[in-house]
Amino acid sequence: MRASRLVTLLLLLQNRGRMTARELAGELEVSVRTVYRDVDALAAAGIPLYGAAGHAGGYRLVAGYRTRLTGLTADEAQAAFLAALPGAAAELGLGEALATAQLKLRAALPAELREHSGRIQERFLLDAPGWYGDAGRTPHLAAVAAAVWSRRAVVLQYRRWRAPEEIERRVEPYGLVLKAGRWYLVAGGPSGIRTYRVDQIIELHSLEEEFTVPEGFGLAAHWRRHLADFRARLHTGEALVRLTPEGARRLGVTPRGDGWTEARVPIESIDHAHGEFLRLGTDIEVVAPPELRHRIAETTRTLAARYGS
(Lines give C-alpha, C1' and ligand atoms only; values in the text may rest on other atoms or scores of the structure.)
Protein backbone atom coordinates (compact mmCIF):
# COMPACT_ATOMS: atom_id res chain seq x y z
CA MET A 1 0.00 0.00 0.00
CA ARG A 2 2.77 2.45 0.98
CA ALA A 3 4.86 1.56 -2.07
CA SER A 4 1.92 2.42 -4.34
CA ARG A 5 1.44 5.73 -2.50
CA LEU A 6 5.14 6.63 -2.89
CA VAL A 7 4.95 6.02 -6.64
CA THR A 8 1.79 8.16 -6.85
CA LEU A 9 3.46 10.97 -4.89
CA LEU A 10 6.47 10.87 -7.22
CA LEU A 11 4.27 10.96 -10.34
CA LEU A 12 2.23 13.86 -8.91
CA LEU A 13 5.39 15.93 -8.47
CA GLN A 14 6.63 14.93 -11.90
CA ASN A 15 3.40 15.90 -13.65
CA ARG A 16 2.39 18.99 -11.67
CA GLY A 17 5.67 20.51 -10.55
CA ARG A 18 5.63 22.22 -7.15
CA MET A 19 3.05 20.95 -4.64
CA THR A 20 2.65 21.72 -0.96
CA ALA A 21 2.45 19.02 1.67
CA ARG A 22 -1.22 19.89 2.21
CA GLU A 23 -1.97 19.56 -1.52
CA LEU A 24 -0.21 16.20 -1.64
CA ALA A 25 -2.09 15.04 1.45
CA GLY A 26 -5.38 15.94 -0.20
CA GLU A 27 -4.53 14.06 -3.40
CA LEU A 28 -3.28 10.98 -1.53
CA GLU A 29 -6.03 11.13 1.13
CA VAL A 30 -3.53 10.90 3.99
CA SER A 31 -2.35 13.26 6.74
CA VAL A 32 0.28 15.95 6.21
CA ARG A 33 2.51 14.08 8.69
CA THR A 34 2.32 11.00 6.45
CA VAL A 35 3.40 13.12 3.47
CA TYR A 36 6.46 14.29 5.42
CA ARG A 37 7.41 10.68 6.14
CA ASP A 38 6.87 9.65 2.50
CA VAL A 39 8.99 12.53 1.20
CA ASP A 40 11.79 11.54 3.59
CA ALA A 41 11.55 7.95 2.34
CA LEU A 42 11.83 9.05 -1.31
CA ALA A 43 14.80 11.28 -0.53
CA ALA A 44 16.51 8.42 1.32
CA ALA A 45 15.97 6.23 -1.77
CA GLY A 46 17.91 8.72 -3.89
CA ILE A 47 15.01 10.59 -5.55
CA PRO A 48 16.25 14.16 -6.21
CA LEU A 49 13.50 16.26 -4.63
CA TYR A 50 13.65 19.23 -2.32
CA GLY A 51 11.31 21.35 -0.26
CA ALA A 52 11.10 25.08 0.33
CA ALA A 53 9.24 27.03 3.00
CA GLY A 54 7.18 30.18 2.62
CA HIS A 55 4.24 31.35 0.51
CA ALA A 56 5.70 29.97 -2.74
CA GLY A 57 7.14 26.90 -1.03
CA GLY A 58 6.41 23.24 -1.41
CA TYR A 59 8.04 20.12 -2.75
CA ARG A 60 9.41 19.72 -6.27
CA LEU A 61 11.73 17.44 -8.20
CA VAL A 62 15.12 18.66 -9.37
CA ALA A 63 14.74 20.20 -12.85
CA GLY A 64 15.11 17.63 -15.61
CA TYR A 65 14.45 14.57 -13.45
CA ARG A 66 11.79 12.17 -14.74
CA THR A 67 11.01 8.65 -13.63
CA ARG A 68 10.61 5.99 -16.28
CA LEU A 69 7.34 4.15 -16.91
CA THR A 70 7.90 1.04 -14.81
CA GLY A 71 5.92 -0.90 -12.26
CA LEU A 72 2.57 -1.00 -14.09
CA THR A 73 0.36 -3.86 -12.96
CA ALA A 74 -1.74 -5.86 -15.41
CA ASP A 75 -4.90 -4.09 -14.18
CA GLU A 76 -3.27 -0.65 -14.59
CA ALA A 77 -2.09 -1.45 -18.12
CA GLN A 78 -5.55 -2.71 -19.09
CA ALA A 79 -7.20 0.38 -17.59
CA ALA A 80 -4.88 2.68 -19.55
CA PHE A 81 -6.03 1.18 -22.84
CA LEU A 82 -9.66 0.82 -21.78
CA ALA A 83 -9.79 4.53 -20.86
CA ALA A 84 -8.71 5.65 -24.33
CA LEU A 85 -11.54 7.13 -26.43
CA PRO A 86 -10.52 6.82 -30.10
CA GLY A 87 -13.74 8.40 -31.40
CA ALA A 88 -13.48 11.43 -29.12
CA ALA A 89 -9.77 11.82 -29.83
CA ALA A 90 -10.44 11.76 -33.58
CA GLU A 91 -13.12 14.47 -33.24
CA LEU A 92 -10.61 16.63 -31.39
CA GLY A 93 -7.99 16.07 -34.09
CA LEU A 94 -5.93 13.84 -31.80
CA GLY A 95 -6.65 10.43 -33.34
CA GLU A 96 -3.15 9.98 -34.74
CA ALA A 97 -1.56 11.26 -31.52
CA LEU A 98 -3.60 8.77 -29.46
CA ALA A 99 -2.58 5.87 -31.69
CA THR A 100 1.08 6.88 -31.42
CA ALA A 101 0.83 7.25 -27.64
CA GLN A 102 -0.69 3.79 -27.32
CA LEU A 103 2.11 2.32 -29.44
CA LYS A 104 4.71 3.98 -27.21
CA LEU A 105 2.95 2.80 -24.06
CA ARG A 106 2.70 -0.74 -25.39
CA ALA A 107 6.38 -0.71 -26.36
CA ALA A 108 7.35 0.35 -22.82
CA LEU A 109 5.43 -2.52 -21.22
CA PRO A 110 6.87 -5.96 -20.43
CA ALA A 111 5.79 -8.71 -22.85
CA GLU A 112 3.11 -10.16 -20.57
CA LEU A 113 1.49 -6.75 -20.06
CA ARG A 114 1.57 -6.01 -23.80
CA GLU A 115 -0.51 -9.15 -24.28
CA HIS A 116 -3.01 -8.01 -21.63
CA SER A 117 -3.39 -4.54 -23.18
CA GLY A 118 -3.91 -6.05 -26.63
CA ARG A 119 -6.80 -8.15 -25.35
CA ILE A 120 -8.55 -5.04 -24.01
CA GLN A 121 -8.81 -3.43 -27.45
CA GLU A 122 -9.85 -6.74 -29.02
CA ARG A 123 -12.66 -7.38 -26.54
CA PHE A 124 -14.00 -4.00 -25.35
CA LEU A 125 -15.36 -1.03 -27.29
CA LEU A 126 -16.91 2.17 -25.99
CA ASP A 127 -19.72 3.58 -28.18
CA ALA A 128 -20.91 6.60 -26.20
CA PRO A 129 -24.04 7.85 -28.09
CA GLY A 130 -27.43 6.29 -27.31
CA TRP A 131 -29.28 4.08 -29.80
CA TYR A 132 -31.73 6.73 -30.92
CA GLY A 133 -29.56 9.76 -30.35
CA ASP A 134 -28.03 11.74 -33.14
CA ALA A 135 -24.58 12.81 -32.02
CA GLY A 136 -24.84 15.75 -34.42
CA ARG A 137 -22.22 17.48 -36.48
CA THR A 138 -19.70 19.57 -34.59
CA PRO A 139 -17.78 21.50 -37.27
CA HIS A 140 -16.37 23.97 -34.74
CA LEU A 141 -15.16 21.37 -32.21
CA ALA A 142 -11.50 21.53 -33.25
CA ALA A 143 -11.49 25.34 -33.01
CA VAL A 144 -13.15 25.21 -29.59
CA ALA A 145 -10.60 22.63 -28.40
CA ALA A 146 -7.76 24.81 -29.68
CA ALA A 147 -9.12 27.77 -27.69
CA VAL A 148 -9.39 25.59 -24.58
CA TRP A 149 -5.78 24.45 -24.98
CA SER A 150 -4.37 27.93 -25.67
CA ARG A 151 -6.55 29.71 -23.09
CA ARG A 152 -7.72 32.27 -25.65
CA ALA A 153 -11.11 33.95 -25.68
CA VAL A 154 -13.55 33.45 -28.56
CA VAL A 155 -16.67 35.11 -29.93
CA LEU A 156 -19.55 32.69 -30.48
CA GLN A 157 -22.63 32.97 -32.61
CA TYR A 158 -24.86 30.50 -30.83
CA ARG A 159 -28.32 28.99 -31.42
CA ARG A 160 -30.42 28.44 -28.32
CA TRP A 161 -33.99 27.38 -27.59
CA ARG A 162 -35.41 30.57 -26.11
CA ALA A 163 -35.74 33.99 -27.72
CA PRO A 164 -33.67 35.51 -29.06
CA GLU A 165 -32.72 32.20 -30.64
CA GLU A 166 -29.40 33.41 -32.10
CA ILE A 167 -26.99 35.31 -29.88
CA GLU A 168 -23.41 36.55 -30.10
CA ARG A 169 -21.24 36.32 -27.02
CA ARG A 170 -17.58 36.66 -26.06
CA VAL A 171 -16.62 33.77 -23.81
CA GLU A 172 -13.52 32.29 -22.20
CA PRO A 173 -13.39 28.51 -22.87
CA TYR A 174 -12.49 26.67 -19.64
CA GLY A 175 -13.05 23.08 -20.78
CA LEU A 176 -14.88 20.52 -22.93
CA VAL A 177 -17.13 17.70 -21.72
CA LEU A 178 -18.33 14.72 -23.75
CA LYS A 179 -21.71 13.61 -22.39
CA ALA A 180 -23.85 10.91 -24.06
CA GLY A 181 -22.21 11.49 -27.42
CA ARG A 182 -22.52 15.29 -27.34
CA TRP A 183 -19.77 17.84 -26.71
CA TYR A 184 -20.39 20.68 -24.26
CA LEU A 185 -18.26 23.78 -23.75
CA VAL A 186 -17.93 25.16 -20.23
CA ALA A 187 -16.98 28.82 -20.54
CA GLY A 188 -16.90 32.04 -18.57
CA GLY A 189 -18.71 35.11 -19.85
CA PRO A 190 -20.51 38.32 -18.86
CA SER A 191 -23.13 36.39 -16.86
CA GLY A 192 -20.79 33.91 -15.21
CA ILE A 193 -19.92 30.33 -16.12
CA ARG A 194 -22.29 28.82 -18.68
CA THR A 195 -22.54 25.58 -20.66
CA TYR A 196 -22.91 25.59 -24.45
CA ARG A 197 -23.63 22.70 -26.80
CA VAL A 198 -20.83 22.71 -29.36
CA ASP A 199 -23.12 21.49 -32.15
CA GLN A 200 -25.26 24.62 -31.66
CA ILE A 201 -22.35 26.96 -32.40
CA ILE A 202 -23.09 28.68 -35.72
CA GLU A 203 -19.83 30.58 -36.06
CA LEU A 204 -16.71 30.96 -33.96
CA HIS A 205 -14.00 33.63 -34.12
CA SER A 206 -10.82 33.17 -32.09
CA LEU A 207 -9.38 36.24 -30.39
CA GLU A 208 -5.79 37.03 -29.46
CA GLU A 209 -6.83 37.78 -25.88
CA GLU A 210 -5.50 35.29 -23.32
CA PHE A 211 -7.39 34.64 -20.11
CA THR A 212 -6.79 33.00 -16.75
CA VAL A 213 -9.15 30.39 -15.36
CA PRO A 214 -10.58 31.55 -12.00
CA GLU A 215 -8.69 30.22 -9.00
CA GLY A 216 -10.39 27.19 -7.52
CA PHE A 217 -12.24 26.24 -10.70
CA GLY A 218 -12.22 22.51 -11.46
CA LEU A 219 -13.92 21.18 -14.59
CA ALA A 220 -15.03 17.86 -13.05
CA ALA A 221 -16.38 19.48 -9.88
CA HIS A 222 -18.17 22.18 -11.88
CA TRP A 223 -19.77 19.58 -14.15
CA ARG A 224 -21.02 17.58 -11.16
CA ARG A 225 -22.64 20.73 -9.76
CA HIS A 226 -24.09 21.55 -13.17
CA LEU A 227 -25.70 18.11 -13.46
CA ALA A 228 -27.07 18.28 -9.91
CA ASP A 229 -28.58 21.71 -10.61
CA PHE A 230 -30.00 20.48 -13.93
CA ARG A 231 -31.68 17.50 -12.27
CA ALA A 232 -33.05 19.70 -9.48
CA ARG A 233 -34.62 22.05 -12.04
CA LEU A 234 -35.77 19.16 -14.21
CA HIS A 235 -37.82 17.31 -11.61
CA THR A 236 -40.04 20.01 -10.15
CA GLY A 237 -43.02 17.82 -9.29
CA GLU A 238 -43.99 14.44 -7.89
CA ALA A 239 -46.46 11.71 -8.80
CA LEU A 240 -47.98 8.99 -6.66
CA VAL A 241 -48.20 5.76 -8.67
CA ARG A 242 -48.96 2.06 -8.25
CA LEU A 243 -46.69 -0.34 -10.14
CA THR A 244 -46.66 -4.02 -11.04
CA PRO A 245 -43.34 -5.80 -10.44
CA GLU A 246 -42.47 -5.24 -14.12
CA GLY A 247 -43.47 -1.57 -13.90
CA ALA A 248 -41.33 -1.13 -10.79
CA ARG A 249 -38.37 -2.70 -12.58
CA ARG A 250 -38.75 -0.47 -15.63
CA LEU A 251 -39.14 2.65 -13.48
CA GLY A 252 -36.20 1.75 -11.22
CA VAL A 253 -38.33 1.33 -8.09
CA THR A 254 -37.68 -1.44 -5.59
CA PRO A 255 -40.76 -3.74 -5.69
CA ARG A 256 -42.47 -4.78 -2.48
CA GLY A 257 -43.36 -8.41 -2.86
CA ASP A 258 -45.06 -9.91 -5.91
CA GLY A 259 -48.05 -7.55 -5.99
CA TRP A 260 -48.52 -3.85 -6.64
CA THR A 261 -46.01 -1.34 -5.23
CA GLU A 262 -46.99 2.20 -4.33
CA ALA A 263 -44.28 4.81 -4.87
CA ARG A 264 -43.71 8.52 -5.19
CA VAL A 265 -41.59 9.41 -8.23
CA PRO A 266 -40.21 12.80 -9.39
CA ILE A 267 -41.64 14.21 -12.62
CA GLU A 268 -40.51 17.04 -14.87
CA SER A 269 -43.99 18.22 -15.87
CA ILE A 270 -47.52 16.90 -16.46
CA ASP A 271 -46.91 16.73 -20.21
CA HIS A 272 -43.62 14.87 -19.88
CA ALA A 273 -44.94 12.44 -17.25
CA HIS A 274 -48.02 11.78 -19.40
CA GLY A 275 -45.87 10.50 -22.25
CA GLU A 276 -43.43 8.59 -20.05
CA PHE A 277 -46.09 6.80 -18.01
CA LEU A 278 -48.14 5.81 -21.06
CA ARG A 279 -45.11 3.83 -22.22
CA LEU A 280 -45.52 1.59 -19.18
CA GLY A 281 -48.99 0.52 -20.36
CA THR A 282 -50.90 -1.60 -17.85
CA ASP A 283 -47.91 -1.86 -15.50
CA ILE A 284 -48.70 1.50 -13.91
CA GLU A 285 -51.67 3.30 -12.33
CA VAL A 286 -51.35 7.02 -11.61
CA VAL A 287 -53.00 7.94 -8.32
CA ALA A 288 -51.97 11.61 -8.11
CA PRO A 289 -51.83 14.39 -9.09
CA PRO A 290 -55.45 14.40 -10.31
CA GLU A 291 -54.60 16.38 -13.45
CA LEU A 292 -52.11 13.72 -14.61
CA ARG A 293 -54.51 10.87 -13.78
CA HIS A 294 -57.28 12.62 -15.74
CA ARG A 295 -55.00 13.20 -18.76
CA ILE A 296 -53.98 9.54 -18.90
CA ALA A 297 -57.58 8.37 -18.45
CA GLU A 298 -58.68 10.59 -21.35
CA THR A 299 -55.90 9.27 -23.55
CA THR A 300 -56.70 5.63 -22.81
CA ARG A 301 -60.44 6.21 -23.54
CA THR A 302 -59.53 7.82 -26.86
CA LEU A 303 -57.20 4.94 -27.74
CA ALA A 304 -59.85 2.36 -26.76
CA ALA A 305 -62.42 4.05 -28.99
CA ARG A 306 -59.98 4.35 -31.88
CA TYR A 307 -58.84 0.76 -31.79
CA GLY A 308 -62.15 -0.79 -30.69
CA SER A 309 -63.99 -3.21 -33.01
# chains A, B, ... in the order shown; residues from 1 in each chain; ligands from 1
$ closest_atom_pairs --of "range 201-267 of chain A" --to "range 284-307 of chain A" --cutoff "10 Å" --atoms "only C-alpha atoms" --output "CSV"
residue,atom,partner,partner_atom,distance
A:Gly237,CA,A:Pro289,CA,9.5
A:Glu238,CA,A:Pro289,CA,7.9
A:Ala239,CA,A:Ala288,CA,5.6
A:Leu240,CA,A:Ala288,CA,5.0
A:Val241,CA,A:Val286,CA,4.5
A:Arg242,CA,A:Glu285,CA,5.1
A:Leu243,CA,A:Ile284,CA,4.7
A:Thr244,CA,A:Ile284,CA,6.5
A:Pro245,CA,A:Ile284,CA,9.7
A:Glu246,CA,A:Ile284,CA,9.2
A:Gly247,CA,A:Ile284,CA,6.1
A:Ala248,CA,A:Ile284,CA,8.4
A:Leu251,CA,A:Ile284,CA,9.6
A:Trp260,CA,A:Ile284,CA,9.0
A:Thr261,CA,A:Ile284,CA,9.5
A:Glu262,CA,A:Val287,CA,9.2
A:Ala263,CA,A:Val287,CA,9.9
A:Arg264,CA,A:Ala288,CA,9.3
$ write_last_selection --atoms "N, CA and C atoms" --output "PDB file, in the first residue's frame"
ATOM      1  N   GLY A 237     -41.779  18.333  -9.846  1.00  0.00           N
ATOM      2  CA  GLY A 237     -43.024  17.817  -9.292  1.00  0.00           C
ATOM      3  C   GLY A 237     -42.871  16.383  -8.823  1.00  0.00           C
ATOM      4  N   GLU A 238     -43.997  15.807  -8.423  1.00  0.00           N
ATOM      5  CA  GLU A 238     -43.994  14.442  -7.889  1.00  0.00           C
ATOM      6  C   GLU A 238     -45.315  13.775  -8.235  1.00  0.00           C
ATOM      7  N   ALA A 239     -45.246  12.479  -8.507  1.00  0.00           N
ATOM      8  CA  ALA A 239     -46.464  11.713  -8.797  1.00  0.00           C
ATOM      9  C   ALA A 239     -46.525  10.509  -7.873  1.00  0.00           C
ATOM     10  N   LEU A 240     -47.741  10.197  -7.439  1.00  0.00           N
ATOM     11  CA  LEU A 240     -47.977   8.990  -6.661  1.00  0.00           C
ATOM     12  C   LEU A 240     -48.515   7.927  -7.614  1.00  0.00           C
ATOM     13  N   VAL A 241     -47.835   6.792  -7.702  1.00  0.00           N
ATOM     14  CA  VAL A 241     -48.204   5.755  -8.669  1.00  0.00           C
ATOM     15  C   VAL A 241     -48.246   4.397  -7.998  1.00  0.00           C
ATOM     16  N   ARG A 242     -48.973   3.479  -8.636  1.00  0.00           N
ATOM     17  CA  ARG A 242     -48.961   2.058  -8.251  1.00  0.00           C
ATOM     18  C   ARG A 242     -48.356   1.290  -9.421  1.00  0.00           C
ATOM     19  N   LEU A 243     -47.460   0.353  -9.112  1.00  0.00           N
ATOM     20  CA  LEU A 243     -46.689  -0.341 -10.142  1.00  0.00           C
ATOM     21  C   LEU A 243     -46.751  -1.842  -9.961  1.00  0.00           C
ATOM     22  N   THR A 244     -46.855  -2.571 -11.080  1.00  0.00           N
ATOM     23  CA  THR A 244     -46.658  -4.017 -11.043  1.00  0.00           C
ATOM     24  C   THR A 244     -45.168  -4.281 -10.852  1.00  0.00           C
ATOM     25  N   PRO A 245     -44.773  -5.513 -10.545  1.00  0.00           N
ATOM     26  CA  PRO A 245     -43.336  -5.804 -10.436  1.00  0.00           C
ATOM     27  C   PRO A 245     -42.562  -5.405 -11.693  1.00  0.00           C
ATOM     28  N   GLU A 246     -43.139  -5.632 -12.887  1.00  0.00           N
ATOM     29  CA  GLU A 246     -42.474  -5.244 -14.125  1.00  0.00           C
ATOM     30  C   GLU A 246     -42.403  -3.725 -14.247  1.00  0.00           C
ATOM     31  N   GLY A 247     -43.485  -3.025 -13.857  1.00  0.00           N
ATOM     32  CA  GLY A 247     -43.474  -1.569 -13.899  1.00  0.00           C
ATOM     33  C   GLY A 247     -42.444  -0.993 -12.948  1.00  0.00           C
ATOM     34  N   ALA A 248     -42.325  -1.586 -11.754  1.00  0.00           N
ATOM     35  CA  ALA A 248     -41.325  -1.127 -10.792  1.00  0.00           C
ATOM     36  C   ALA A 248     -39.919  -1.312 -11.349  1.00  0.00           C
ATOM     37  N   LEU A 251     -39.225   1.293 -14.004  1.00  0.00           N
ATOM     38  CA  LEU A 251     -39.140   2.646 -13.480  1.00  0.00           C
ATOM     39  C   LEU A 251     -38.002   2.796 -12.457  1.00  0.00           C
ATOM     40  N   TRP A 260     -48.694  -5.245  -6.246  1.00  0.00           N
ATOM     41  CA  TRP A 260     -48.518  -3.846  -6.642  1.00  0.00           C
ATOM     42  C   TRP A 260     -47.679  -3.108  -5.608  1.00  0.00           C
ATOM     43  N   THR A 261     -46.855  -2.163  -6.102  1.00  0.00           N
ATOM     44  CA  THR A 261     -46.008  -1.339  -5.234  1.00  0.00           C
ATOM     45  C   THR A 261     -46.418   0.117  -5.402  1.00  0.00           C
ATOM     46  N   GLU A 262     -46.667   0.788  -4.282  1.00  0.00           N
ATOM     47  CA  GLU A 262     -46.988   2.205  -4.335  1.00  0.00           C
ATOM     48  C   GLU A 262     -45.710   3.004  -4.130  1.00  0.00           C
ATOM     49  N   ALA A 263     -45.514   4.031  -4.954  1.00  0.00           N
ATOM     50  CA  ALA A 263     -44.278   4.811  -4.868  1.00  0.00           C
ATOM     51  C   ALA A 263     -44.526   6.249  -5.291  1.00  0.00           C
ATOM     52  N   ARG A 264     -43.719   7.127  -4.758  1.00  0.00           N
ATOM     53  CA  ARG A 264     -43.711   8.523  -5.190  1.00  0.00           C
ATOM     54  C   ARG A 264     -42.479   8.729  -6.075  1.00  0.00           C
TER      55      ARG A 264
END
$ residues_around --residues "Gln200 in chain A" --least-positions-apart "3" --cutoff "8 Å" --atoms "only C-alpha atoms" --output "JSON, numbers by chain"
{"A": [158, 159, 160, 196, 197]}
$ closest_residue --among "A:Arg37, A:Arg279, A:Arg194, A:His205" --to "Trp223 in chain A" --atoms "only C-alpha atoms"
A:Arg194
$ residues_around --residues "range 39-43 of chain A" --least-positions-apart "4" --cutoff "9 Å" --atoms "only C-alpha atoms" --output "list of chain:residue names"
A:Leu6, A:Leu9, A:Leu10, A:Thr34, A:Val35, A:Ile47, A:Pro48, A:Leu49, A:Tyr50, A:Tyr59
$ closest_residue --among "A:Ile202, A:Pro139, A:Arg33, A:Tyr184" --to "Arg169 in chain A" --atoms "only C-alpha atoms"
A:Ile202
$ closest_residue --among "A:Asp38, A:Glu23, A:Glu208, A:Glu166" --to "Ser4 in chain A" --atoms "only C-alpha atoms"
A:Asp38
$ residues_around --residues "range 209-217 of chain A" --least-positions-apart "2" --cutoff "12 Å" --atoms "only C-alpha atoms" --output "PyMOL selection string"
chain A and resi 147-155+170-175+186-189+192-193+205-207+219-223+225
$ write_last_selection --atoms "N, CA, C and O atoms" --output "tab-separated table (two decimals), in the first residue's frame"
chain	number	residue	atom	x	y	z
A	147	ALA	N	-8.97	26.63	-28.60
A	147	ALA	CA	-9.12	27.77	-27.69
A	147	ALA	C	-9.00	27.33	-26.23
A	147	ALA	O	-8.43	28.04	-25.40
A	148	VAL	N	-9.52	26.13	-25.93
A	148	VAL	CA	-9.39	25.59	-24.58
A	148	VAL	C	-7.92	25.35	-24.25
A	148	VAL	O	-7.43	25.69	-23.17
A	149	TRP	N	-7.20	24.75	-25.20
A	149	TRP	CA	-5.78	24.45	-24.98
A	149	TRP	C	-4.96	25.73	-24.81
A	149	TRP	O	-4.10	25.81	-23.93
A	150	SER	N	-5.21	26.72	-25.66
A	150	SER	CA	-4.37	27.93	-25.67
A	150	SER	C	-4.84	28.98	-24.67
A	150	SER	O	-4.17	30.00	-24.51
A	151	ARG	N	-5.99	28.75	-24.02
A	151	ARG	CA	-6.55	29.71	-23.09
A	151	ARG	C	-6.76	31.07	-23.76
A	151	ARG	O	-6.36	32.11	-23.24
A	152	ARG	N	-7.40	31.05	-24.93
A	152	ARG	CA	-7.72	32.27	-25.65
A	152	ARG	C	-9.23	32.44	-25.76
A	152	ARG	O	-9.96	31.47	-25.98
A	153	ALA	N	-9.68	33.66	-25.61
A	153	ALA	CA	-11.11	33.95	-25.68
A	153	ALA	C	-11.62	33.80	-27.11
A	153	ALA	O	-10.84	33.87	-28.08
A	154	VAL	N	-12.93	33.58	-27.25
A	154	VAL	CA	-13.55	33.45	-28.56
A	154	VAL	C	-14.86	34.22	-28.56
A	154	VAL	O	-15.43	34.51	-27.50
A	155	VAL	N	-15.34	34.54	-29.76
A	155	VAL	CA	-16.67	35.11	-29.93
A	155	VAL	C	-17.53	34.06	-30.61
A	155	VAL	O	-17.19	33.56	-31.69
A	170	ARG	N	-19.00	36.91	-26.30
A	170	ARG	CA	-17.58	36.66	-26.06
A	170	ARG	C	-17.45	35.79	-24.81
A	170	ARG	O	-17.98	36.15	-23.75
A	171	VAL	N	-16.76	34.68	-24.94
A	171	VAL	CA	-16.62	33.77	-23.81
A	171	VAL	C	-15.17	33.33	-23.68
A	171	VAL	O	-14.36	33.44	-24.61
A	172	GLU	N	-14.85	32.82	-22.49
A	172	GLU	CA	-13.52	32.29	-22.20
A	172	GLU	C	-13.65	30.78	-21.99
A	172	GLU	O	-14.22	30.34	-20.99
A	173	PRO	N	-13.18	29.97	-22.93
A	173	PRO	CA	-13.39	28.51	-22.87
A	173	PRO	C	-12.54	27.84	-21.78
A	173	PRO	O	-11.32	27.82	-21.88
A	174	TYR	N	-13.20	27.32	-20.75
A	174	TYR	CA	-12.49	26.67	-19.64
A	174	TYR	C	-12.26	25.18	-19.90
A	174	TYR	O	-11.25	24.63	-19.47
A	175	GLY	N	-13.21	24.51	-20.57
A	175	GLY	CA	-13.05	23.08	-20.78
A	175	GLY	C	-14.15	22.49	-21.63
A	175	GLY	O	-15.18	23.13	-21.87
A	186	VAL	N	-17.75	24.42	-21.48
A	186	VAL	CA	-17.93	25.16	-20.23
A	186	VAL	C	-17.07	26.41	-20.34
A	186	VAL	O	-15.85	26.33	-20.54
A	187	ALA	N	-17.70	27.57	-20.27
A	187	ALA	CA	-16.98	28.82	-20.54
A	187	ALA	C	-17.46	29.94	-19.63
A	187	ALA	O	-18.62	29.97	-19.23
A	188	GLY	N	-16.56	30.85	-19.33
A	188	GLY	CA	-16.90	32.04	-18.57
A	188	GLY	C	-17.33	33.15	-19.50
A	188	GLY	O	-16.84	33.25	-20.64
A	189	GLY	N	-18.23	34.00	-19.03
A	189	GLY	CA	-18.71	35.11	-19.85
A	189	GLY	C	-19.27	36.22	-19.00
A	189	GLY	O	-19.10	36.21	-17.77
A	192	GLY	N	-21.34	35.01	-16.00
A	192	GLY	CA	-20.79	33.91	-15.21
A	192	GLY	C	-20.45	32.70	-16.07
A	192	GLY	O	-20.34	32.79	-17.29
A	193	ILE	N	-20.29	31.56	-15.43
A	193	ILE	CA	-19.92	30.33	-16.12
A	193	ILE	C	-21.17	29.68	-16.70
A	193	ILE	O	-22.15	29.45	-15.98
A	205	HIS	N	-15.16	32.82	-33.75
A	205	HIS	CA	-14.00	33.63	-34.12
A	205	HIS	C	-13.04	33.65	-32.93
A	205	HIS	O	-13.42	34.08	-31.82
A	206	SER	N	-11.83	33.16	-33.15
A	206	SER	CA	-10.82	33.17	-32.09
A	206	SER	C	-10.23	34.56	-31.95
A	206	SER	O	-10.02	35.27	-32.93
A	207	LEU	N	-9.98	34.95	-30.70
A	207	LEU	CA	-9.38	36.24	-30.39
A	207	LEU	C	-7.94	36.04	-29.92
A	207	LEU	O	-7.54	34.93	-29.55
A	219	LEU	N	-12.92	21.55	-13.58
A	219	LEU	CA	-13.92	21.18	-14.59
A	219	LEU	C	-14.82	20.06	-14.08
A	219	LEU	O	-16.04	20.11	-14.22
A	220	ALA	N	-14.23	19.00	-13.51
A	220	ALA	CA	-15.03	17.86	-13.05
A	220	ALA	C	-16.00	18.27	-11.95
A	220	ALA	O	-17.18	17.89	-11.97
A	221	ALA	N	-15.51	19.05	-10.98
A	221	ALA	CA	-16.38	19.48	-9.88
A	221	ALA	C	-17.49	20.39	-10.39
A	221	ALA	O	-18.64	20.28	-9.97
A	222	HIS	N	-17.14	21.30	-11.31
A	222	HIS	CA	-18.17	22.18	-11.88
A	222	HIS	C	-19.23	21.37	-12.62
A	222	HIS	O	-20.43	21.67	-12.50
A	223	TRP	N	-18.81	20.37	-13.38
A	223	TRP	CA	-19.77	19.58	-14.15
A	223	TRP	C	-20.71	18.79	-13.23
A	223	TRP	O	-21.90	18.67	-13.50
A	225	ARG	N	-21.67	19.74	-10.27
A	225	ARG	CA	-22.64	20.73	-9.76
A	225	ARG	C	-23.66	21.10	-10.83
A	225	ARG	O	-24.85	21.27	-10.54
$ closest_residue --among "A:Arg249, A:His140, A:His55, A:Arg233" --to "Trp183 in chain A" --atoms "only C-alpha atoms"
A:His140
